[in-house]
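Student: Here you go, data39.txt (compact mmCIF, C-alpha atoms):
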```txt
# COMPACT_ATOMS: atom_id res chain seq x y z
CA MET X 25 -12.93 47.16 3.59
CA ASN X 26 -10.04 45.52 5.44
CA ALA X 27 -12.27 42.47 6.06
CA ILE X 28 -12.26 41.67 2.32
CA LYS X 29 -8.82 40.08 2.69
CA PHE X 30 -10.37 37.54 5.10
CA LEU X 31 -13.00 36.67 2.49
CA PHE X 32 -10.36 36.01 -0.15
CA ALA X 33 -8.16 34.17 2.35
CA ALA X 34 -11.05 31.80 3.13
CA TYR X 35 -11.80 31.17 -0.56
CA ILE X 36 -8.14 30.64 -1.42
CA ALA X 37 -7.62 28.34 1.60
CA THR X 38 -10.60 26.22 0.45
CA TRP X 39 -9.17 25.69 -3.02
CA VAL X 40 -5.63 25.14 -1.74
CA ILE X 41 -6.94 22.31 0.51
CA HIS X 42 -8.94 20.77 -2.34
CA ALA X 43 -6.03 21.08 -4.78
CA SER X 44 -3.62 19.49 -2.26
CA TYR X 45 -5.98 16.57 -1.72
CA ILE X 46 -6.48 16.06 -5.47
CA GLY X 47 -2.68 16.22 -5.82
CA THR X 48 -2.25 13.39 -3.29
CA LEU X 49 -4.88 11.34 -5.16
CA VAL X 50 -3.01 11.80 -8.46
CA LEU X 51 0.30 10.79 -6.83
CA ARG X 52 -1.27 7.70 -5.22
CA PHE X 53 -2.83 6.69 -8.58
CA ARG X 54 0.52 7.08 -10.33
CA ARG X 55 2.38 5.03 -7.70
CA LEU X 56 -0.17 2.19 -7.74
CA ARG X 57 -0.28 2.01 -11.55
CA GLN X 58 3.52 1.84 -11.62
CA GLU X 59 3.49 -0.91 -8.98
CA LEU X 60 0.88 -2.88 -10.94
CA GLN X 61 2.96 -2.55 -14.13
CA GLU X 62 6.08 -3.82 -12.33
CA LEU X 63 4.13 -6.77 -10.95
CA GLY X 64 2.87 -7.53 -14.49
CA LYS X 65 6.43 -7.45 -15.88
CA ARG X 66 7.69 -9.87 -13.20
CA LYS X 67 5.07 -12.43 -14.29
CA MET I 8 -18.09 5.17 -17.42
CA LYS I 9 -14.58 6.45 -18.21
CA ARG I 10 -16.03 8.95 -20.74
CA LEU I 11 -18.64 10.13 -18.27
CA PHE I 12 -16.06 11.33 -15.72
CA PRO I 13 -14.48 14.13 -17.83
CA ILE I 14 -17.94 15.32 -18.91
CA LEU I 15 -19.10 15.48 -15.29
CA ALA I 16 -15.82 17.15 -14.28
CA VAL I 17 -16.32 19.93 -16.85
CA LEU I 18 -19.98 20.39 -15.82
CA THR I 19 -18.98 20.55 -12.14
CA ALA I 20 -16.24 23.10 -12.90
CA ILE I 21 -18.80 25.29 -14.71
CA PHE I 22 -21.25 24.86 -11.81
CA LEU I 23 -18.57 25.78 -9.25
CA ALA I 24 -17.57 28.84 -11.31
CA TYR I 25 -21.23 29.91 -11.46
CA ALA I 26 -21.58 29.43 -7.68
CA LEU I 27 -18.41 31.51 -7.13
CA HIS I 28 -19.76 34.21 -9.45
CA LEU I 29 -23.04 34.32 -7.50
CA ALA I 30 -21.23 34.34 -4.15
CA LEU I 31 -19.12 37.36 -5.09
CA SER I 32 -21.57 39.28 -7.32
CA LYS I 33 -23.71 42.21 -6.30
CA ALA I 34 -26.80 40.16 -7.25
CA THR I 35 -26.34 38.51 -3.85
CA PRO I 36 -26.85 41.30 -1.31
CA THR I 37 -24.19 42.30 1.20
CA ASP I 38 -24.93 41.69 4.89
CA ALA I 39 -25.86 44.90 6.68
CA LEU I 40 -23.84 44.08 9.82
CA GLN I 41 -20.85 42.09 8.60
CA GLY I 42 -20.32 43.57 5.15
CA ASP I 43 -18.83 41.43 2.38
CA VAL I 44 -16.90 39.15 4.72
CA TYR I 45 -20.16 37.27 5.42
CA ARG I 46 -19.75 35.79 1.90
CA ILE I 47 -17.46 33.21 3.50
CA ILE I 48 -20.79 31.53 4.34
CA TYR I 49 -21.02 30.34 0.70
CA TYR I 50 -17.95 28.14 1.21
CA HIS I 51 -18.09 27.48 4.97
CA VAL I 52 -21.68 26.22 5.26
CA PRO I 53 -21.79 24.07 2.06
CA SER I 54 -18.50 22.46 3.16
CA ALA I 55 -20.02 21.69 6.58
CA TRP I 56 -23.21 20.21 5.08
CA SER I 57 -21.17 18.15 2.61
CA ALA I 58 -18.96 16.85 5.45
CA PHE I 59 -22.05 15.88 7.51
CA LEU I 60 -23.54 14.06 4.51
CA LEU I 61 -20.28 12.19 3.87
CA PHE I 62 -20.03 11.17 7.54
CA LEU I 63 -23.63 9.97 7.36
CA ILE I 64 -22.74 7.85 4.31
CA ASN I 65 -19.74 6.54 6.26
CA PHE I 66 -22.05 5.61 9.15
CA VAL I 67 -24.51 3.73 6.88
CA ALA I 68 -21.70 1.95 5.01
CA SER I 69 -20.04 0.96 8.32
CA VAL I 70 -23.31 -0.49 9.66
CA VAL I 71 -23.77 -2.42 6.39
CA TYR I 72 -20.18 -3.69 6.67
CA LEU I 73 -20.70 -4.80 10.29
CA ILE I 74 -23.86 -6.72 9.30
CA ARG I 75 -22.88 -8.19 5.90
CA ARG I 76 -19.05 -7.92 5.81
CA SER I 77 -19.43 -6.48 2.31
CA PRO I 78 -16.09 -5.25 0.83
CA LYS I 79 -17.93 -2.64 -1.26
CA ALA I 80 -19.51 -1.17 1.88
CA ASP I 81 -16.02 -1.02 3.42
CA ILE I 82 -14.70 0.87 0.37
CA VAL I 83 -17.63 3.32 0.50
CA ALA I 84 -16.93 3.84 4.23
CA VAL I 85 -13.25 4.66 3.81
CA VAL I 86 -13.88 6.88 0.77
CA SER I 87 -16.64 8.91 2.47
CA ALA I 88 -14.59 9.30 5.66
CA GLU I 89 -11.52 10.57 3.81
CA VAL I 90 -13.41 13.05 1.62
CA GLY I 91 -15.49 14.05 4.68
CA VAL I 92 -12.30 14.89 6.56
CA VAL I 93 -11.19 17.14 3.68
CA PHE I 94 -14.48 19.07 3.81
CA CYS I 95 -14.39 19.20 7.61
CA THR I 96 -10.83 20.61 7.41
CA ILE I 97 -12.18 23.40 5.19
CA VAL I 98 -14.88 24.13 7.79
CA LEU I 99 -12.24 24.35 10.54
CA VAL I 100 -10.00 26.62 8.44
CA THR I 101 -12.64 28.98 7.00
CA GLY I 102 -14.46 29.26 10.37
CA PRO I 103 -11.62 31.02 12.23
CA ILE I 104 -10.86 33.18 9.14
CA TRP I 105 -14.48 34.35 9.31
CA ALA I 106 -14.48 34.66 13.11
CA ARG I 107 -11.44 36.96 13.27
CA PRO I 108 -13.03 40.05 11.63
CA VAL I 109 -16.53 39.39 13.02
CA TRP I 110 -15.89 38.22 16.61
CA GLY I 111 -12.43 39.74 17.00
CA ILE I 112 -10.95 36.32 17.85
CA TRP I 113 -9.83 33.34 15.78
CA TRP I 114 -11.32 30.70 18.08
CA ALA I 115 -13.74 30.74 21.03
CA PRO I 116 -12.32 28.21 23.52
CA GLY I 117 -15.01 26.12 25.17
CA ASP I 118 -17.65 26.96 22.56
CA ILE I 119 -19.63 23.76 22.04
CA ARG I 120 -20.14 24.11 18.26
CA LEU I 121 -16.46 24.76 17.62
CA THR I 122 -15.19 22.14 20.06
CA SER I 123 -17.58 19.42 18.87
CA THR I 124 -16.59 20.10 15.24
CA LEU I 125 -12.91 19.79 16.17
CA VAL I 126 -13.66 16.53 18.03
CA LEU I 127 -15.58 15.25 14.97
CA TRP I 128 -12.56 15.99 12.77
CA LEU I 129 -10.23 14.25 15.25
CA ILE I 130 -12.49 11.16 15.38
CA TYR I 131 -12.43 10.74 11.59
CA VAL I 132 -8.70 11.50 11.37
CA SER I 133 -8.12 8.73 13.95
CA TYR I 134 -10.40 6.47 11.85
CA LEU I 135 -8.16 7.09 8.82
CA VAL I 136 -4.97 6.65 10.88
CA LEU I 137 -6.31 3.33 12.19
CA ARG I 138 -7.04 2.15 8.67
CA ARG I 139 -3.69 3.34 7.35
CA PHE I 140 -1.37 1.93 10.00
CA SER I 141 -3.08 -1.12 11.50
CA SER I 142 -2.19 -4.41 9.85
CA SER I 143 -4.53 -6.54 11.94
CA ALA I 144 -7.11 -8.73 10.20
CA GLN I 145 -9.73 -7.03 12.36
CA THR I 146 -8.87 -3.49 11.20
CA GLN I 147 -11.91 -3.08 8.97
CA MET I 148 -14.27 -4.25 11.69
CA LEU I 149 -12.65 -2.03 14.34
CA ALA I 150 -12.77 0.95 11.97
CA ALA I 151 -16.46 0.30 11.24
CA ALA I 152 -17.22 0.18 14.97
CA LEU I 153 -15.27 3.42 15.53
CA ALA I 154 -17.21 5.04 12.66
CA VAL I 155 -20.55 4.04 14.20
CA PHE I 156 -19.61 5.69 17.52
CA GLY I 157 -17.96 8.64 15.76
CA ALA I 158 -21.16 9.38 13.87
CA LEU I 159 -22.86 10.13 17.19
CA ASP I 160 -20.92 13.41 17.23
CA VAL I 161 -22.56 14.59 13.97
CA PRO I 162 -26.01 15.36 15.50
CA LEU I 163 -24.23 16.90 18.51
CA VAL I 164 -22.37 19.29 16.18
CA TYR I 165 -25.47 20.07 14.16
CA PHE I 166 -27.90 20.63 17.02
CA SER I 167 -25.45 22.26 19.44
CA ILE I 168 -26.43 25.74 18.24
CA TRP I 169 -30.11 24.89 18.76
CA PHE I 170 -29.84 23.75 22.35
CA PHE I 171 -26.80 25.53 23.77
CA ARG I 172 -25.79 29.14 24.02
CA THR I 173 -22.75 29.53 21.76
CA GLN I 174 -20.69 32.21 20.09
CA HIS I 175 -21.54 30.60 16.76
CA PRO I 176 -24.55 32.15 14.91
CA GLN I 177 -27.93 30.43 14.96
CA PRO I 178 -28.87 28.17 12.00
CA VAL I 179 -29.74 30.00 8.79
CA ILE I 180 -32.27 27.33 7.77
CA GLY I 181 -34.68 25.93 10.36
CA GLY I 182 -34.36 26.50 14.09
CA GLY I 183 -35.99 29.92 13.83
CA GLY I 184 -33.30 31.32 11.51
CA SER I 185 -34.09 33.22 8.33
CA MET I 186 -32.20 34.39 5.28
CA ASP I 187 -32.86 36.82 2.46
CA PRO I 188 -34.15 34.76 -0.57
CA PRO I 189 -31.29 35.76 -2.97
CA MET I 190 -28.76 34.85 -0.25
CA LEU I 191 -30.49 31.52 0.35
CA HIS I 192 -30.57 30.85 -3.40
CA THR I 193 -26.79 31.44 -3.66
CA LEU I 194 -26.18 29.27 -0.59
CA LEU I 195 -28.17 26.37 -2.06
CA ILE I 196 -26.48 26.72 -5.47
CA SER I 197 -23.08 26.66 -3.73
CA TRP I 198 -24.06 23.56 -1.79
CA LEU I 199 -25.22 21.78 -4.94
CA ALA I 200 -21.94 22.70 -6.68
CA PHE I 201 -19.94 21.43 -3.68
CA LEU I 202 -21.99 18.22 -3.63
CA CYS I 203 -21.22 17.58 -7.33
CA PHE I 204 -17.55 18.23 -6.59
CA ALA I 205 -17.64 15.90 -3.56
CA PHE I 206 -19.26 13.21 -5.71
CA LEU I 207 -16.48 13.49 -8.31
CA ILE I 208 -13.74 13.30 -5.67
CA CYS I 209 -15.47 10.27 -4.08
CA TRP I 210 -15.65 8.62 -7.49
CA SER I 211 -11.89 9.11 -8.04
CA ARG I 212 -11.10 7.94 -4.53
CA PHE I 213 -13.32 4.86 -5.04
CA ARG I 214 -11.36 3.94 -8.18
CA LEU I 215 -8.11 4.50 -6.29
CA GLU I 216 -9.23 2.15 -3.52
CA LEU I 217 -10.17 -0.53 -6.10
CA LEU I 218 -6.72 -0.16 -7.69
CA LYS I 219 -5.04 -0.35 -4.27
CA ARG I 220 -6.86 -3.60 -3.47
CA GLU I 221 -5.95 -4.98 -6.90
CA VAL I 222 -2.25 -4.27 -6.21
CA GLU I 223 -2.50 -5.84 -2.74
CA GLN I 224 -4.11 -8.93 -4.27
CA ALA I 225 -1.38 -9.12 -6.94
CA HIS I 226 1.30 -8.90 -4.21
CA ALA I 227 -0.44 -11.65 -2.23
CA MET I 228 -0.64 -13.88 -5.33
CA GLU I 229 3.02 -13.27 -6.09
CA SER I 230 4.12 -14.22 -2.59
CA LEU I 231 1.89 -17.33 -2.72
CA VAL I 232 3.45 -18.41 -6.03
CA GLY I 233 6.92 -17.65 -4.64
CA ALA I 234 6.24 -19.72 -1.50
CA GLY I 235 4.91 -22.61 -3.65
CA GLU I 236 7.99 -22.60 -5.88
CA SER I 237 10.44 -22.56 -2.98
CA ALA I 238 8.54 -25.47 -1.37
CA LYS I 239 8.81 -27.43 -4.65
CA ALA I 240 12.51 -26.66 -4.89
CA SER I 241 13.24 -27.83 -1.37
CA LEU I 242 11.27 -31.11 -1.70
CA PRO I 243 13.65 -33.18 -4.01
CA LEU I 244 16.66 -31.86 -2.11
CA SER I 245 15.37 -33.18 1.18
CA ARG I 246 14.58 -36.56 -0.46
CA SER I 247 18.07 -36.91 -1.98
CA SER I 248 19.70 -36.05 1.33
CA ARG I 249 18.06 -39.04 2.99
```
How would this structure read if it were set down as structure tokens?
Tutor:
Amino acid sequence: MNAIKFLFAAYIATWVIHASYIGTLVLRFRRLRQELQELGKRK
Amino acid sequence: MKRLFPILAVLTAIFLAYALHLALSKATPTDALQGDVYRIIYYHVPSAWSAFLLFLINFVASVVYLIRRSPKADIVAVVSAEVGVVFCTIVLVTGPIWARPVWGIWWAPGDIRLTSTLVLWLIYVSYLVLRRFSSSAQTQMLAAALAVFGALDVPLVYFSIWFFRTQHPQPVIGGGGSMDPPMLHTLLISWLAFLCFAFLICWSRFRLELLKREVEQAHAMESLVGAGESAKASLPLSRSSR
């Protein structure tokens, strides 16, 4: 019964890693779009 | 294409939820020896297979890049390596969490399956570090060469449990291993769901890489225009000074 916590820990860890990676992708997208907008304004 | 992404994202989310439901439901039997903790297999193994597939794609794209110098092949290589590292990280995190209640230890030092997986992860992390921090014109070529040699570790990881005595269990498919049909069904559904998810992440990462290269090109154009203007400005001044 005690082993159940390991099962949930593994599942939660999986989704935390995926969510963190997706978070970095969103941040990188935002930064690049902002940079592209600034470059467009300078022209 | 932009409309297709949210539709696929919703379908993948439903598929992942269904796979999670199957993995945790009583319809998938509990393992007689390990109990419910064995259900980690439905995340651990599909993540490993997805990582192997992504590293294989990275290998093919790197070979294509080395032969044709195709920028698209280079983008596919970097995208598959990065997403592959994410899946490999999950394998290295869920593995010890599973090992602790079953083996009594988090990690078996010297075990060839575990060590070769860690080495595989380190190879692809170094590939990404090389691409991120090297500013040499040869970076893409060096990274492609590293990826070709790095891919040699994939069959070593996969077949290590076939040819060597390890703490890690024997393969569940092939290699003499067997699995209860409902368990196998859930495992394959989970893998398909993870593959759809990996495809969506790769798609997003591909678009990000295109945007990154667009920004780099815009910066290069801006500095070229700036250099041209300053050259023009300095030309009449130098003539009048004579």
Student: Enumerate as an MDAnalysis selection string the residues belonging to chain I that approach chain X to within 10 Å, with only C-alpha atoms taken into account.
Tutor: chainID I and resid 27 31 41:51 54 89:90 93:94 96:98 100:109 204 208 211:212 214:216 218:223 225:226 229
Student: What is the atom CA of Tyr25 of chain I to atom CA of Cys209 of chain I distance in Å?
Tutor: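 Separation between atom CA of Tyr25 of chain I and atom CA of Cys209 of chain I: 21.8 Å.
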Student: Rounded to one decimal place, report the atom CA of Leu153 of chain I-atom CA of Trp210 of chain I distance in Å.
Tutor: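 Atom CA of Trp210 of chain I lies at a distance of 23.6 Å from atom CA of Leu153 of chain I.
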Student: Please, what distance in Å, to one decimal, runs between atom CA of Lys79 of chain I and atom CA of Asn65 of chain I?
Tutor: 12.0 Å
Student: Between I:Phe12, I:Trp56, I:Trp113, I:Phe201, which is the closest to Pro162 of chain I once you count only C-alpha atoms?
Tutor: I:Trp56
Student: Using the file's own x, y and z axes, what box holds all listed atoms of segment 100-103 of chain I with 4 Å on each side, keeping edges along x, y and z, and what are its centre and edge lengths in Å to one decimal, as JSON?
Tutor:
```
{"center_x": -12.2, "center_y": 28.8, "center_z": 9.6, "size_x": 12.5, "size_y": 12.4, "size_z": 13.2}
```
Student: Could segment 45-66 of chain X be completed with N, CA and C atoms and written as a JSON list (two decimals), keeping the file's coordinate frame, please?
Tutor:
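That gives us selection.json:
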```
[["chain", "number", "residue", "atom", "x", "y", "z"],
["X", 45, "TYR", "N", -5.41, 17.92, -1.82],
["X", 45, "TYR", "CA", -5.98, 16.57, -1.72],
["X", 45, "TYR", "C", -6.01, 15.89, -3.09],
["X", 46, "ILE", "N", -6.44, 16.63, -4.12],
["X", 46, "ILE", "CA", -6.48, 16.06, -5.47],
["X", 46, "ILE", "C", -5.05, 15.68, -5.90],
["X", 47, "GLY", "N", -4.09, 16.51, -5.53],
["X", 47, "GLY", "CA", -2.68, 16.22, -5.82],
["X", 47, "GLY", "C", -2.24, 14.89, -5.21],
["X", 48, "THR", "N", -2.63, 14.66, -3.93],
["X", 48, "THR", "CA", -2.25, 13.39, -3.29],
["X", 48, "THR", "C", -2.93, 12.21, -3.99],
["X", 49, "LEU", "N", -4.18, 12.42, -4.45],
["X", 49, "LEU", "CA", -4.88, 11.34, -5.16],
["X", 49, "LEU", "C", -4.14, 10.99, -6.45],
["X", 50, "VAL", "N", -3.72, 12.02, -7.18],
["X", 50, "VAL", "CA", -3.01, 11.80, -8.46],
["X", 50, "VAL", "C", -1.70, 11.04, -8.19],
["X", 51, "LEU", "N", -0.97, 11.45, -7.15],
["X", 51, "LEU", "CA", 0.30, 10.79, -6.83],
["X", 51, "LEU", "C", 0.08, 9.32, -6.45],
["X", 52, "ARG", "N", -0.98, 9.08, -5.65],
["X", 52, "ARG", "CA", -1.27, 7.70, -5.22],
["X", 52, "ARG", "C", -1.66, 6.84, -6.43],
["X", 53, "PHE", "N", -2.45, 7.41, -7.34],
["X", 53, "PHE", "CA", -2.83, 6.69, -8.58],
["X", 53, "PHE", "C", -1.58, 6.31, -9.37],
["X", 54, "ARG", "N", -0.69, 7.29, -9.53],
["X", 54, "ARG", "CA", 0.52, 7.08, -10.33],
["X", 54, "ARG", "C", 1.37, 5.96, -9.72],
["X", 55, "ARG", "N", 1.54, 6.02, -8.40],
["X", 55, "ARG", "CA", 2.38, 5.03, -7.70],
["X", 55, "ARG", "C", 1.79, 3.62, -7.83],
["X", 56, "LEU", "N", 0.48, 3.51, -7.66],
["X", 56, "LEU", "CA", -0.17, 2.19, -7.74],
["X", 56, "LEU", "C", -0.13, 1.62, -9.15],
["X", 57, "ARG", "N", -0.34, 2.48, -10.16],
["X", 57, "ARG", "CA", -0.28, 2.01, -11.55],
["X", 57, "ARG", "C", 1.12, 1.50, -11.88],
["X", 58, "GLN", "N", 2.13, 2.23, -11.40],
["X", 58, "GLN", "CA", 3.52, 1.84, -11.62],
["X", 58, "GLN", "C", 3.80, 0.48, -10.96],
["X", 59, "GLU", "N", 3.30, 0.34, -9.74],
["X", 59, "GLU", "CA", 3.49, -0.91, -8.98],
["X", 59, "GLU", "C", 2.83, -2.09, -9.70],
["X", 60, "LEU", "N", 1.63, -1.83, -10.23],
["X", 60, "LEU", "CA", 0.88, -2.88, -10.94],
["X", 60, "LEU", "C", 1.62, -3.28, -12.23],
["X", 61, "GLN", "N", 2.19, -2.28, -12.90],
["X", 61, "GLN", "CA", 2.96, -2.55, -14.13],
["X", 61, "GLN", "C", 4.19, -3.41, -13.82],
["X", 62, "GLU", "N", 4.89, -3.06, -12.72],
["X", 62, "GLU", "CA", 6.08, -3.82, -12.33],
["X", 62, "GLU", "C", 5.71, -5.25, -11.98],
["X", 63, "LEU", "N", 4.59, -5.42, -11.30],
["X", 63, "LEU", "CA", 4.13, -6.77, -10.95],
["X", 63, "LEU", "C", 3.80, -7.57, -12.22],
["X", 64, "GLY", "N", 3.20, -6.90, -13.22],
["X", 64, "GLY", "CA", 2.87, -7.53, -14.49],
["X", 64, "GLY", "C", 4.12, -7.97, -15.23],
["X", 65, "LYS", "N", 5.17, -7.13, -15.19],
["X", 65, "LYS", "CA", 6.43, -7.45, -15.88],
["X", 65, "LYS", "C", 7.10, -8.67, -15.26],
["X", 66, "ARG", "N", 7.03, -8.76, -13.92],
["X", 66, "ARG", "CA", 7.69, -9.87, -13.20],
["X", 66, "ARG", "C", 7.07, -11.22, -13.57]]
```
